[in-house]
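> I'm passing along target-v1.cif; it holds mmCIF, C-alpha atoms.
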data_run
loop_
_atom_site.label_atom_id
_atom_site.label_comp_id
_atom_site.auth_asym_id
_atom_site.auth_seq_id
_atom_site.Cartn_x
_atom_site.Cartn_y
_atom_site.Cartn_z
CA MET A 10 3.97 5.69 26.97
CA GLN A 11 4.39 2.01 27.93
CA ARG A 12 1.86 1.07 25.27
CA VAL A 13 3.71 3.03 22.61
CA LYS A 14 6.96 1.32 23.60
CA ALA A 15 5.15 -2.01 23.23
CA VAL A 16 4.07 -1.03 19.72
CA ILE A 17 7.65 -0.11 18.82
CA LYS A 18 8.88 -3.39 20.25
CA ALA A 19 6.22 -5.32 18.35
CA ARG A 20 7.51 -4.07 15.02
CA HIS A 21 10.47 -6.43 15.27
CA SER A 22 8.27 -9.53 15.35
CA PHE A 23 6.14 -7.94 12.63
CA GLN A 24 9.19 -7.70 10.38
CA ARG A 25 10.24 -11.25 11.15
CA VAL A 26 6.82 -12.74 10.44
CA GLY A 27 5.49 -10.53 7.69
CA PHE A 28 8.45 -9.70 5.47
CA PRO A 29 11.75 -11.06 4.18
CA SER A 30 14.59 -11.21 6.66
CA HIS A 31 18.20 -10.64 5.68
CA GLN A 32 18.65 -14.30 5.21
CA ARG A 33 16.44 -14.82 2.51
CA CYS A 34 -3.24 9.51 -3.48
CA PHE A 35 -5.77 10.08 -4.10
CA SER A 36 -6.57 13.20 -2.10
CA ALA A 37 -3.34 14.90 -3.18
CA GLN A 38 -4.98 16.02 -6.43
CA PRO A 39 -2.27 15.08 -8.94
CA ASN A 40 -2.21 16.15 -12.57
CA TYR A 41 -2.62 13.01 -14.66
CA ALA A 42 -1.13 14.40 -17.88
CA PRO A 43 0.41 11.46 -19.78
CA ILE A 44 4.08 10.95 -20.57
CA ASP A 45 4.26 9.48 -24.06
CA ASP A 46 7.50 7.52 -23.74
CA PHE A 47 6.77 4.49 -21.56
CA GLN A 48 10.46 3.99 -20.82
CA GLU A 49 10.67 7.52 -19.47
CA GLN A 50 7.89 6.73 -16.99
CA VAL A 51 10.35 4.43 -15.22
CA SER A 52 13.91 5.58 -15.75
CA VAL A 53 16.98 3.62 -14.70
CA GLU A 54 20.18 4.60 -12.94
CA GLY A 55 23.11 2.23 -13.32
CA ARG A 56 25.67 1.83 -10.56
CA ALA A 57 28.71 -0.39 -10.21
CA LYS A 58 26.87 -3.39 -8.80
CA SER A 59 23.29 -2.16 -8.49
CA ARG A 60 20.42 -0.64 -10.42
CA ALA A 61 17.80 1.94 -9.42
CA ALA A 62 14.28 2.12 -10.86
CA ILE A 63 12.96 5.68 -10.72
CA LEU A 64 9.20 6.29 -10.94
CA ASN A 65 9.11 9.28 -13.27
CA ARG A 66 5.60 10.70 -13.49
CA PRO A 67 6.05 13.60 -11.06
CA SER A 68 3.08 15.60 -12.35
CA ALA A 69 0.88 12.58 -11.55
CA LEU A 70 2.64 11.97 -8.22
CA ASN A 71 4.14 8.85 -9.83
CA ALA A 72 0.76 7.12 -10.00
CA LEU A 73 0.89 3.61 -11.45
CA THR A 74 -0.42 2.62 -14.86
CA THR A 75 -0.29 -0.71 -16.69
CA SER A 76 2.77 0.38 -18.66
CA VAL A 77 4.60 1.48 -15.49
CA ALA A 78 3.83 -1.79 -13.67
CA ALA A 79 4.81 -3.84 -16.73
CA ARG A 80 8.12 -2.01 -17.12
CA LEU A 81 8.91 -2.45 -13.43
CA LYS A 82 8.21 -6.16 -13.70
CA ARG A 83 10.42 -6.56 -16.78
CA LEU A 84 13.27 -4.60 -15.21
CA TYR A 85 13.18 -6.51 -11.92
CA GLU A 86 13.07 -9.87 -13.67
CA SER A 87 16.07 -9.00 -15.83
CA TRP A 88 18.02 -7.59 -12.86
CA GLU A 89 17.36 -10.68 -10.78
CA GLU A 90 18.78 -12.88 -13.54
CA ASN A 91 21.83 -10.67 -14.13
CA PRO A 92 24.77 -11.94 -12.00
CA ASP A 93 26.51 -8.57 -12.30
CA ILE A 94 23.69 -6.82 -10.43
CA TRP A 95 23.84 -7.48 -6.70
CA PHE A 96 21.01 -5.37 -5.33
CA VAL A 97 18.20 -3.09 -6.50
CA LEU A 98 16.70 0.25 -5.44
CA MET A 99 13.44 2.04 -6.18
CA LYS A 100 12.60 5.70 -5.69
CA GLY A 101 10.28 8.37 -7.03
CA SER A 102 10.92 11.68 -8.74
CA GLY A 103 9.42 14.91 -7.42
CA ARG A 104 7.49 15.22 -4.18
CA ALA A 105 6.04 11.71 -4.21
CA PHE A 106 7.36 8.19 -4.05
CA CYS A 107 4.11 6.81 -5.46
CA SER A 108 0.53 8.01 -4.94
CA GLY A 109 -1.02 4.66 -5.84
CA ILE A 110 -3.01 3.65 -8.88
CA ASP A 111 -3.76 6.12 -11.64
CA ALA A 112 -7.42 6.08 -10.66
CA VAL A 113 -8.45 8.72 -13.19
CA SER A 114 -7.06 6.68 -16.08
CA LEU A 115 -8.97 3.61 -14.86
CA TYR A 116 -12.10 5.75 -14.51
CA HIS A 117 -11.90 6.85 -18.13
CA LEU A 118 -11.16 3.31 -19.33
CA LEU A 119 -14.24 2.01 -17.52
CA ASN A 120 -16.40 4.78 -19.00
CA GLU A 121 -15.13 3.80 -22.44
CA GLY A 122 -16.05 0.17 -21.80
CA LYS A 123 -12.42 -1.00 -21.76
CA VAL A 124 -12.84 -3.31 -18.79
CA GLU A 125 -10.25 -5.80 -20.07
CA GLU A 126 -7.56 -3.11 -19.98
CA CYS A 127 -8.44 -2.41 -16.36
CA LYS A 128 -8.20 -6.11 -15.54
CA ARG A 129 -4.80 -6.24 -17.21
CA PHE A 130 -3.63 -3.38 -15.00
CA PHE A 131 -4.50 -5.19 -11.77
CA GLU A 132 -3.06 -8.48 -13.02
CA THR A 133 0.23 -6.82 -14.00
CA LEU A 134 0.49 -4.81 -10.80
CA TYR A 135 -0.25 -7.72 -8.46
CA LYS A 136 2.24 -9.96 -10.26
CA PHE A 137 4.90 -7.31 -9.77
CA VAL A 138 4.02 -7.02 -6.07
CA TYR A 139 4.49 -10.78 -5.73
CA LEU A 140 7.82 -10.57 -7.55
CA GLN A 141 8.84 -7.80 -5.16
CA GLY A 142 7.75 -9.80 -2.12
CA THR A 143 9.73 -12.88 -3.19
CA TYR A 144 12.73 -11.10 -4.71
CA LEU A 145 15.97 -13.04 -4.40
CA LYS A 146 18.26 -10.02 -4.19
CA PRO A 147 18.38 -7.25 -1.58
CA HIS A 148 16.00 -4.41 -2.35
CA VAL A 149 15.89 -0.85 -1.04
CA ALA A 150 12.75 1.27 -1.44
CA ILE A 151 13.33 4.97 -0.78
CA MET A 152 9.83 6.04 0.28
CA ASP A 153 10.47 9.77 0.33
CA GLY A 154 7.34 11.93 0.00
CA ILE A 155 3.76 10.88 -0.69
CA THR A 156 3.27 7.11 -0.46
CA MET A 157 -0.36 6.16 -0.88
CA GLY A 158 -2.37 3.08 -1.71
CA CYS A 159 -0.47 0.59 -3.85
CA GLY A 160 2.61 2.77 -3.49
CA GLY A 161 3.00 0.74 -0.32
CA GLY A 162 2.42 -2.49 -2.23
CA ILE A 163 5.40 -1.93 -4.53
CA SER A 164 7.75 -1.12 -1.66
CA ILE A 165 6.77 -2.58 1.72
CA PRO A 166 7.14 -6.28 0.74
CA GLY A 167 10.83 -5.61 -0.06
CA MET A 168 13.79 -6.11 2.27
CA PHE A 169 14.62 -2.50 3.19
CA ARG A 170 12.17 0.43 3.39
CA LEU A 171 13.77 3.83 3.94
CA VAL A 172 11.49 6.69 5.02
CA THR A 173 12.21 10.36 5.69
CA ASP A 174 10.81 13.44 7.36
CA LYS A 175 8.93 14.06 4.09
CA THR A 176 7.17 10.67 4.00
CA VAL A 177 3.37 10.60 4.21
CA PHE A 178 1.76 7.16 4.08
CA SER A 179 -1.95 6.37 3.83
CA ASN A 180 -4.56 4.00 2.41
CA PRO A 181 -7.52 6.22 1.45
CA GLU A 182 -9.18 3.70 -0.88
CA THR A 183 -12.52 3.41 0.94
CA GLN A 184 -13.08 7.13 0.30
CA LEU A 185 -12.85 6.29 -3.41
CA GLY A 186 -15.24 3.36 -3.23
CA PHE A 187 -12.36 0.87 -3.49
CA HIS A 188 -10.32 -1.28 -1.11
CA PRO A 189 -6.68 -1.36 0.06
CA ASP A 190 -5.02 -3.66 -2.46
CA ALA A 191 -1.66 -4.66 -3.96
CA GLY A 192 -0.83 -6.66 -0.85
CA ALA A 193 -2.22 -4.15 1.66
CA SER A 194 -4.36 -6.80 3.34
CA PHE A 195 -1.13 -8.71 3.95
CA TYR A 196 1.00 -6.00 5.53
CA LEU A 197 -1.72 -3.94 7.22
CA SER A 198 -3.11 -7.04 8.91
CA ARG A 199 0.30 -7.68 10.45
CA LEU A 200 0.58 -4.31 12.16
CA PRO A 201 0.41 -4.22 15.98
CA GLY A 202 -3.06 -4.72 17.43
CA TYR A 203 -5.83 -3.37 15.22
CA LEU A 204 -3.86 -0.49 13.75
CA GLY A 205 -4.19 -2.06 10.29
CA GLU A 206 -7.98 -2.01 10.45
CA CYS A 207 -7.86 1.62 11.57
CA LEU A 208 -5.62 2.73 8.70
CA ALA A 209 -7.59 0.74 6.12
CA LEU A 210 -11.03 1.97 7.17
CA THR A 211 -10.21 5.61 7.89
CA GLY A 212 -7.34 6.52 5.55
CA GLU A 213 -5.44 8.00 8.50
CA LYS A 214 -1.93 9.12 7.61
CA LEU A 215 1.37 7.99 9.09
CA ASN A 216 4.60 9.95 8.90
CA GLY A 217 8.04 8.40 8.55
CA VAL A 218 8.61 8.16 12.29
CA GLU A 219 5.31 6.33 12.76
CA MET A 220 6.15 3.95 9.93
CA ILE A 221 9.38 3.06 11.70
CA ALA A 222 7.61 2.58 15.04
CA SER A 223 4.89 0.36 13.57
CA GLY A 224 7.29 -1.72 11.47
CA LEU A 225 6.20 -0.59 8.01
CA ALA A 226 9.66 0.87 7.43
CA THR A 227 13.11 -0.37 8.41
CA HIS A 228 15.22 2.83 8.29
CA TYR A 229 14.73 6.58 8.76
CA CYS A 230 16.78 9.55 7.69
CA LEU A 231 16.29 13.22 6.99
CA ASN A 232 15.43 14.11 3.42
CA ALA A 233 18.51 16.33 3.36
CA ARG A 234 20.73 13.26 3.81
CA LEU A 235 19.26 11.14 1.03
CA ALA A 236 21.96 12.15 -1.43
CA LEU A 237 24.63 10.89 0.98
CA ILE A 238 22.85 7.56 1.43
CA GLU A 239 22.38 7.10 -2.34
CA GLU A 240 26.03 7.93 -2.94
CA ARG A 241 27.06 5.41 -0.31
CA LEU A 242 24.79 2.68 -1.72
CA GLY A 243 25.97 3.41 -5.26
CA SER A 244 29.58 2.77 -4.28
CA LEU A 245 28.93 -0.58 -2.63
CA MET A 246 30.65 -3.62 -4.11
CA ASN A 247 28.89 -6.09 -1.84
CA ASP A 248 25.52 -7.86 -1.91
CA ASN A 249 25.57 -8.77 1.79
CA PRO A 250 22.32 -7.44 3.31
CA THR A 251 24.16 -6.64 6.53
CA VAL A 252 26.51 -4.31 4.66
CA ILE A 253 23.55 -2.63 2.92
CA GLU A 254 21.78 -2.21 6.23
CA SER A 255 24.88 -0.66 7.78
CA SER A 256 25.08 1.80 4.91
CA LEU A 257 21.45 2.79 5.44
CA ALA A 258 21.98 3.14 9.18
CA GLN A 259 25.14 5.20 8.76
CA TYR A 260 23.14 8.35 8.00
CA GLY A 261 20.04 7.30 9.90
CA ASP A 262 18.38 8.88 12.89
CA LEU A 263 16.94 7.43 16.09
CA VAL A 264 13.39 8.75 16.26
CA TYR A 265 10.25 8.32 18.38
CA PRO A 266 6.64 9.32 17.71
CA ASP A 267 5.65 12.71 19.10
CA ARG A 268 2.79 13.24 21.53
CA SER A 269 0.22 13.82 18.80
CA SER A 270 0.99 10.52 17.08
CA ILE A 271 -1.81 8.10 16.31
CA LEU A 272 0.35 5.42 17.97
CA HIS A 273 -0.33 7.03 21.34
CA ARG A 274 -3.97 6.12 20.75
CA ILE A 275 -3.29 2.43 20.33
CA ASP A 276 -5.47 1.49 23.31
CA THR A 277 -8.43 3.37 21.84
CA ILE A 278 -7.72 1.90 18.42
CA ASP A 279 -7.65 -1.64 19.79
CA LYS A 280 -10.82 -1.02 21.81
CA CYS A 281 -12.79 0.37 18.85
CA PHE A 282 -11.41 -1.44 15.79
CA SER A 283 -11.33 -4.94 17.29
CA HIS A 284 -15.08 -5.36 16.76
CA ASP A 285 -16.43 -7.79 14.19
CA THR A 286 -18.53 -5.38 12.13
CA VAL A 287 -18.19 -1.86 10.77
CA GLU A 288 -21.37 -0.89 12.60
CA GLU A 289 -19.90 -1.99 15.93
CA ILE A 290 -16.68 -0.10 15.19
CA ILE A 291 -18.60 3.09 14.49
CA ASP A 292 -20.72 2.67 17.63
CA SER A 293 -17.58 2.20 19.71
CA LEU A 294 -15.96 5.31 18.21
CA GLU A 295 -19.12 7.33 18.87
CA ASN A 296 -19.12 6.21 22.50
CA GLU A 297 -15.46 7.17 22.84
CA ALA A 298 -16.06 10.56 21.22
CA ALA A 299 -19.00 11.29 23.50
CA GLY A 300 -17.35 10.11 26.69
CA ALA A 301 -13.89 11.61 26.25
CA HIS A 302 -14.77 14.53 23.97
CA ASP A 303 -12.03 13.20 21.71
CA ASP A 304 -11.57 15.19 18.50
CA TRP A 305 -9.58 12.37 16.93
CA CYS A 306 -12.51 9.97 17.27
CA LYS A 307 -14.76 12.59 15.67
CA THR A 308 -12.34 13.01 12.79
CA VAL A 309 -12.07 9.30 11.97
CA LEU A 310 -15.84 8.94 12.33
CA ARG A 311 -16.33 11.68 9.76
CA LYS A 312 -13.93 9.96 7.38
CA MET A 313 -15.69 6.63 7.73
CA LYS A 314 -19.11 8.18 7.23
CA GLU A 315 -17.83 9.89 4.07
CA SER A 316 -16.55 6.56 2.70
CA SER A 317 -18.40 4.00 0.63
CA PRO A 318 -20.45 1.79 3.01
CA LEU A 319 -19.88 -1.22 0.78
CA SER A 320 -16.14 -0.57 0.60
CA LEU A 321 -15.92 -0.34 4.38
CA LYS A 322 -17.49 -3.77 4.83
CA VAL A 323 -15.43 -5.35 2.06
CA THR A 324 -12.23 -3.80 3.43
CA LEU A 325 -12.78 -4.96 7.01
CA ARG A 326 -13.32 -8.54 5.89
CA SER A 327 -10.29 -8.35 3.58
CA ILE A 328 -7.96 -7.20 6.36
CA ARG A 329 -9.31 -9.82 8.75
CA GLU A 330 -8.78 -12.62 6.24
CA GLY A 331 -5.32 -11.31 5.48
CA ARG A 332 -4.19 -12.03 9.05
CA PHE A 333 -4.15 -15.75 8.27
CA GLN A 334 -3.00 -15.76 4.65
CA SER A 335 0.31 -15.62 2.81
CA LEU A 336 1.13 -12.84 0.34
CA ASP A 337 0.03 -14.83 -2.71
CA GLN A 338 -3.31 -15.70 -1.08
CA CYS A 339 -3.89 -12.05 -0.18
CA LEU A 340 -3.12 -10.92 -3.73
CA ALA A 341 -5.44 -13.57 -5.21
CA ARG A 342 -8.28 -12.41 -2.95
CA GLU A 343 -7.59 -8.73 -3.65
CA TYR A 344 -7.69 -9.51 -7.39
CA ARG A 345 -11.17 -10.94 -7.01
CA ILE A 346 -12.27 -7.87 -5.05
CA SER A 347 -10.80 -5.46 -7.59
CA LEU A 348 -12.42 -7.19 -10.55
CA ALA A 349 -15.75 -7.24 -8.73
CA GLY A 350 -15.35 -3.53 -8.05
CA ILE A 351 -14.75 -2.56 -11.68
CA SER A 352 -17.44 -4.92 -13.00
CA LYS A 353 -20.19 -2.66 -11.57
CA ARG A 354 -22.42 -5.72 -11.13
CA VAL A 355 -23.07 -4.94 -7.48
CA SER A 356 -22.11 -1.28 -7.25
CA ASN A 357 -20.62 1.59 -9.23
CA ASP A 358 -18.90 3.00 -6.15
CA PHE A 359 -15.36 2.98 -7.54
CA SER A 360 -16.23 5.10 -10.56
CA GLU A 361 -18.46 7.31 -8.45
CA GLY A 362 -15.76 7.83 -5.84
CA VAL A 363 -13.15 8.77 -8.44
CA ARG A 364 -15.61 11.11 -10.14
CA ALA A 365 -16.46 12.90 -6.89
CA ARG A 366 -12.92 13.26 -5.57
CA LEU A 367 -10.63 13.38 -8.57
CA VAL A 368 -12.61 14.27 -11.69
CA ASP A 369 -15.50 16.64 -10.88
CA LYS A 370 -14.10 17.28 -7.38
CA ASP A 371 -17.50 18.06 -5.89
CA PHE A 372 -16.69 15.71 -2.96
CA ALA A 373 -20.30 14.57 -2.90
CA PRO A 374 -20.31 10.91 -3.98
CA LYS A 375 -23.65 9.16 -4.31
CA TRP A 376 -22.82 5.77 -2.86
CA ASP A 377 -24.86 2.73 -3.82
CA PRO A 378 -25.87 1.24 -1.43
CA PRO A 379 -26.12 4.57 0.42
CA SER A 380 -25.81 3.21 3.97
CA LEU A 381 -24.26 0.38 5.95
CA LYS A 382 -27.72 -0.94 6.71
CA ALA A 383 -28.44 -1.29 3.00
CA VAL A 384 -25.30 -3.40 2.38
CA SER A 385 -26.37 -7.04 2.38
CA LYS A 386 -24.22 -10.07 3.17
CA ASP A 387 -24.70 -11.29 -0.40
CA MET A 388 -23.28 -8.04 -1.75
CA VAL A 389 -20.12 -8.41 0.32
CA GLU A 390 -19.86 -12.11 -0.45
CA TYR A 391 -19.84 -11.40 -4.19
CA TYR A 392 -16.51 -9.57 -3.85
CA PHE A 393 -14.87 -12.66 -2.30
CA SER A 394 -16.42 -15.33 -4.54
CA PRO A 395 -14.36 -17.29 -7.09
CA LEU A 396 -14.31 -15.60 -10.48
CA GLY A 397 -15.87 -18.48 -12.39
CA GLU A 398 -15.00 -20.52 -15.46
CA LEU A 399 -14.93 -17.62 -17.92
CA GLU A 400 -12.79 -15.38 -15.72
CA PRO A 401 -9.35 -16.78 -14.80
CA GLU A 402 -8.05 -16.27 -11.29
CA LEU A 403 -4.77 -14.49 -10.62
CA LEU A 404 -2.00 -16.97 -11.38
CA LEU A 405 1.22 -16.45 -9.44
CA PRO A 406 4.41 -18.55 -9.75
CA THR A 407 4.18 -19.97 -6.23
CA ALA A 408 5.86 -23.23 -7.28
CA LEU A 409 8.95 -21.30 -8.41
CA ARG A 410 8.87 -18.44 -5.91
CA GLU A 411 7.95 -19.49 -2.40
CA PRO A 412 5.72 -16.90 -0.70
CA TYR A 413 6.52 -15.50 2.70
CA ILE A 414 4.03 -16.28 5.46
#
What do you get writing this file as structure tokens?

Amino acid sequence: MQRVKAVIKARHSFQRVGFPSHQRCFSAQPNYAPIDDFQEQVSVEGRAKSRAAILNRPSALNALTTSVAARLKRLYESWEENPDIWFVLMKGSGRAFCSGIDAVSLYHLLNEGKVEECKRFFETLYKFVYLQGTYLKPHVAIMDGITMGCGGGISIPGMFRLVTDKTVFSNPETQLGFHPDAGASFYLSRLPGYLGECLALTGEKLNGVEMIASGLATHYCLNARLALIEERLGSLMNDNPTVIESSLAQYGDLVYPDRSSILHRIDTIDKCFSHDTVEEIIDSLENEAAGAHDDWCKTVLRKMKESSPLSLKVTLRSIREGRFQSLDQCLAREYRISLAGISKRVSNDFSEGVRARLVDKDFAPKWDPPSLKAVSKDMVEYYFSPLGELEPELLLPTALREPYI
């Protein structure tokens, strides 16, 4: 219990260091049927002194496409410049906030040879994440429901993150042959202890209470009270972050993780996931599972062994490097990793993972390389190497928008 209290206490320093202060799904099996009108994919609610962007692809669990990311970026840029808009909100329609990238669409684009369109998606998305992380006006993300993958990237870098009893957060990318991106290596690496490595490598889920305790979220309320909070925010005539925070807290709840929470395993997590290599992490988990007969260790071991071996090694290095980098540096590195992943020059694991889990749904991916032992240092290094003269790096406006450290 003392350790859990320490984790909860640590979230305050996490928020101060990792994110703006007031002074400044894969496995959910969505239906990826397209919505023809791009504007309808992100609808807008106008309030007296604020605007709300609503992710509106409920049948796809609000998965992100290039058009969605581009519209979000345009809207946020225009709202930031508009002196009549004092703060901004984002929420999702249906049972999800955002389930991450529209992996099936990217899969089909890659099969059609449209690699440049895939590159444009990652460039557009990461630029929006940077805009979000350096936004000059108060921002409230209502993370109600499924929040997976880069759904965290478009919300967690903002000032306020409201979660509910319906929130389910996870980063299951390694099970798709990919890596946690869109700023995930920035915010996961700043979680207490080695919780970030655990979430990134295993895809373990957090509920809203656990997000509050770990510092990923700033406010918690019951789903049933969301309408009251939105009504209160919509009536505000003030851009003072303290006033916005008070409005969020007015209908909030004081909550603590229950006994089954992953946060009660923080000592085991730190013991196992602090190792330098994926192999050592797995060995440590196996020793824990054998010695304590711990079902949780067996579960996360199974998830890791089902994941792409190459993705596991790339992800561990990405999170470790993220501990010492600013948001823009993390996004630039993640861009290199993503482009290497879709290039198929080292491995086809991303397409294979999407095929196995989301397209054919046989859940039997044929990873290449097939084992951790077969993953060479050169393979991993390729994902972190500069893109070269013919492939421009991700360019972010760091001279105009100072990144948070």
> Excluding same-chain residues fewer than 4 positions from stretch 390-394 of chain A, what lies within 8 Å of it counting all atoms listed in the file, as a ChimeraX atom specification?
/A:323,342,345-347,349-350,355,386
> Just C-alpha atoms for this one: save the residues we selected as a PDB file, in the frame of the given file.

ATOM      1  CA  VAL A 323     -15.430  -5.350   2.060  1.00  0.00           C
ATOM      2  CA  ARG A 342      -8.280 -12.410  -2.950  1.00  0.00           C
ATOM      3  CA  ARG A 345     -11.170 -10.940  -7.010  1.00  0.00           C
ATOM      4  CA  ILE A 346     -12.270  -7.870  -5.050  1.00  0.00           C
ATOM      5  CA  SER A 347     -10.800  -5.460  -7.590  1.00  0.00           C
ATOM      6  CA  ALA A 349     -15.750  -7.240  -8.730  1.00  0.00           C
ATOM      7  CA  GLY A 350     -15.350  -3.530  -8.050  1.00  0.00           C
ATOM      8  CA  VAL A 355     -23.070  -4.940  -7.480  1.00  0.00           C
ATOM      9  CA  LYS A 386     -24.220 -10.070   3.170  1.00  0.00           C
TER      10      LYS A 386
END
> Starting from the shown file, work through the PyMOL selection byres ((chain A and resi 336) around 12) and note down what comes out as a PDB file with C-alpha atoms, in the frame of the given file.

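Written file, selection_1.pdb:
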ATOM      1  CA  VAL A  26       6.820 -12.740  10.440  1.00  0.00           C
ATOM      2  CA  GLY A  27       5.490 -10.530   7.690  1.00  0.00           C
ATOM      3  CA  PHE A  28       8.450  -9.700   5.470  1.00  0.00           C
ATOM      4  CA  PRO A  29      11.750 -11.060   4.180  1.00  0.00           C
ATOM      5  CA  TYR A 135      -0.250  -7.720  -8.460  1.00  0.00           C
ATOM      6  CA  LYS A 136       2.240  -9.960 -10.260  1.00  0.00           C
ATOM      7  CA  VAL A 138       4.020  -7.020  -6.070  1.00  0.00           C
ATOM      8  CA  TYR A 139       4.490 -10.780  -5.730  1.00  0.00           C
ATOM      9  CA  LEU A 140       7.820 -10.570  -7.550  1.00  0.00           C
ATOM     10  CA  GLN A 141       8.840  -7.800  -5.160  1.00  0.00           C
ATOM     11  CA  GLY A 142       7.750  -9.800  -2.120  1.00  0.00           C
ATOM     12  CA  THR A 143       9.730 -12.880  -3.190  1.00  0.00           C
ATOM     13  CA  GLY A 162       2.420  -2.490  -2.230  1.00  0.00           C
ATOM     14  CA  ILE A 165       6.770  -2.580   1.720  1.00  0.00           C
ATOM     15  CA  PRO A 166       7.140  -6.280   0.740  1.00  0.00           C
ATOM     16  CA  ASP A 190      -5.020  -3.660  -2.460  1.00  0.00           C
ATOM     17  CA  ALA A 191      -1.660  -4.660  -3.960  1.00  0.00           C
ATOM     18  CA  GLY A 192      -0.830  -6.660  -0.850  1.00  0.00           C
ATOM     19  CA  ALA A 193      -2.220  -4.150   1.660  1.00  0.00           C
ATOM     20  CA  SER A 194      -4.360  -6.800   3.340  1.00  0.00           C
ATOM     21  CA  PHE A 195      -1.130  -8.710   3.950  1.00  0.00           C
ATOM     22  CA  TYR A 196       1.000  -6.000   5.530  1.00  0.00           C
ATOM     23  CA  LEU A 197      -1.720  -3.940   7.220  1.00  0.00           C
ATOM     24  CA  SER A 198      -3.110  -7.040   8.910  1.00  0.00           C
ATOM     25  CA  ARG A 199       0.300  -7.680  10.450  1.00  0.00           C
ATOM     26  CA  GLU A 330      -8.780 -12.620   6.240  1.00  0.00           C
ATOM     27  CA  GLY A 331      -5.320 -11.310   5.480  1.00  0.00           C
ATOM     28  CA  ARG A 332      -4.190 -12.030   9.050  1.00  0.00           C
ATOM     29  CA  PHE A 333      -4.150 -15.750   8.270  1.00  0.00           C
ATOM     30  CA  GLN A 334      -3.000 -15.760   4.650  1.00  0.00           C
ATOM     31  CA  SER A 335       0.310 -15.620   2.810  1.00  0.00           C
ATOM     32  CA  ASP A 337       0.030 -14.830  -2.710  1.00  0.00           C
ATOM     33  CA  GLN A 338      -3.310 -15.700  -1.080  1.00  0.00           C
ATOM     34  CA  CYS A 339      -3.890 -12.050  -0.180  1.00  0.00           C
ATOM     35  CA  LEU A 340      -3.120 -10.920  -3.730  1.00  0.00           C
ATOM     36  CA  ALA A 341      -5.440 -13.570  -5.210  1.00  0.00           C
ATOM     37  CA  ARG A 342      -8.280 -12.410  -2.950  1.00  0.00           C
ATOM     38  CA  GLU A 343      -7.590  -8.730  -3.650  1.00  0.00           C
ATOM     39  CA  LEU A 405       1.220 -16.450  -9.440  1.00  0.00           C
ATOM     40  CA  THR A 407       4.180 -19.970  -6.230  1.00  0.00           C
ATOM     41  CA  ARG A 410       8.870 -18.440  -5.910  1.00  0.00           C
ATOM     42  CA  GLU A 411       7.950 -19.490  -2.400  1.00  0.00           C
ATOM     43  CA  PRO A 412       5.720 -16.900  -0.700  1.00  0.00           C
ATOM     44  CA  TYR A 413       6.520 -15.500   2.700  1.00  0.00           C
ATOM     45  CA  ILE A 414       4.030 -16.280   5.460  1.00  0.00           C
TER      46      ILE A 414
END
> For A:Ala150, which residue among A:Ala365, A:Met99, A:Leu319, A:Leu118 is the nearest when counting all atoms listed in the file?
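Among the listed residues, the smallest separation from A:Ala150 belongs to A:Met99.
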> Which residue out of A:Leu321, A:Leu84, A:Leu73, A:Ala78 has the minimum interatomic distance to A:Pro181 when all atoms listed in the file are used?
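Distance minimum relative to A:Pro181 lands on A:Leu321.
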> As a check of understanding, name the residues that the PyMOL selection byres ((chain A and resi 232) around 7) selects in the supplied structure, as a list in words.
Thr173, Asp174, Lys175, Cys230, Leu231, Ala233, Arg234 and Leu235 of chain A
> Hey, what comes out of the PyMOL selection byres ((chain A and resi 276) around 10) on this file? Could you write it as number ranges by chain?
A: 12-13, 202-204, 272-275, 277-281
> Please report the interatomic distance between atom CA of A:Glu297 and atom CA of A:Leu225 in Å with one decimal.
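Those two atoms sit 27.4 Å apart.
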> Could you name the residues that touch A:Val384 at 10 Å or less, counting all atoms listed in the file, but leaving out those on the same chain fewer than 3 positions away, as a list of chain:residue names?
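Those residues are A:Pro318, A:Leu319, A:Ser320, A:Lys322, A:Asp377, A:Pro378, A:Pro379, A:Ser380, A:Leu381, A:Asp387, A:Met388, A:Val389.
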> Using all atoms listed in the file, what does the table of stretch 181-255 of chain A residues within 10 Å of stretch 55-60 of chain A look like, with each row giving the shortest atom pair and its distance in Å to one decimal, sorted by chain and ascending number, as JSON lines?

{"residue": "A:Glu240", "atom": "CA", "partner": "A:Arg56", "partner_atom": "CA", "distance": 9.8}
{"residue": "A:Leu242", "atom": "CA", "partner": "A:Ser59", "partner_atom": "CA", "distance": 8.5}
{"residue": "A:Gly243", "atom": "CA", "partner": "A:Arg56", "partner_atom": "CA", "distance": 5.5}
{"residue": "A:Ser244", "atom": "CA", "partner": "A:Ala57", "partner_atom": "CA", "distance": 6.8}
{"residue": "A:Leu245", "atom": "CA", "partner": "A:Lys58", "partner_atom": "CA", "distance": 7.1}
{"residue": "A:Met246", "atom": "CA", "partner": "A:Lys58", "partner_atom": "CA", "distance": 6.0}
{"residue": "A:Asn247", "atom": "CA", "partner": "A:Lys58", "partner_atom": "CA", "distance": 7.7}
{"residue": "A:Asp248", "atom": "CA", "partner": "A:Lys58", "partner_atom": "CA", "distance": 8.3}
> Mind giving me the straight-line distance from atom CA of A:Arg170 to atom CA of A:His148 in Å, one decimal?
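We find that atom CA of A:Arg170 and atom CA of A:His148 lie 8.4 Å from each other.
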> Quick one: of A:Pro250, A:Ile155, A:Ala298, A:Glu239, who's nearest to A:Arg311, counting all atoms listed in the file?
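Distance minimum relative to A:Arg311 lands on A:Ala298.
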> May I ask for the distance between atom CA of A:Ser256 and atom CA of A:Met152, given in Å to one decimal place?
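Spanning atom CA of A:Ser256 to atom CA of A:Met152 is a straight-line distance of 16.5 Å.
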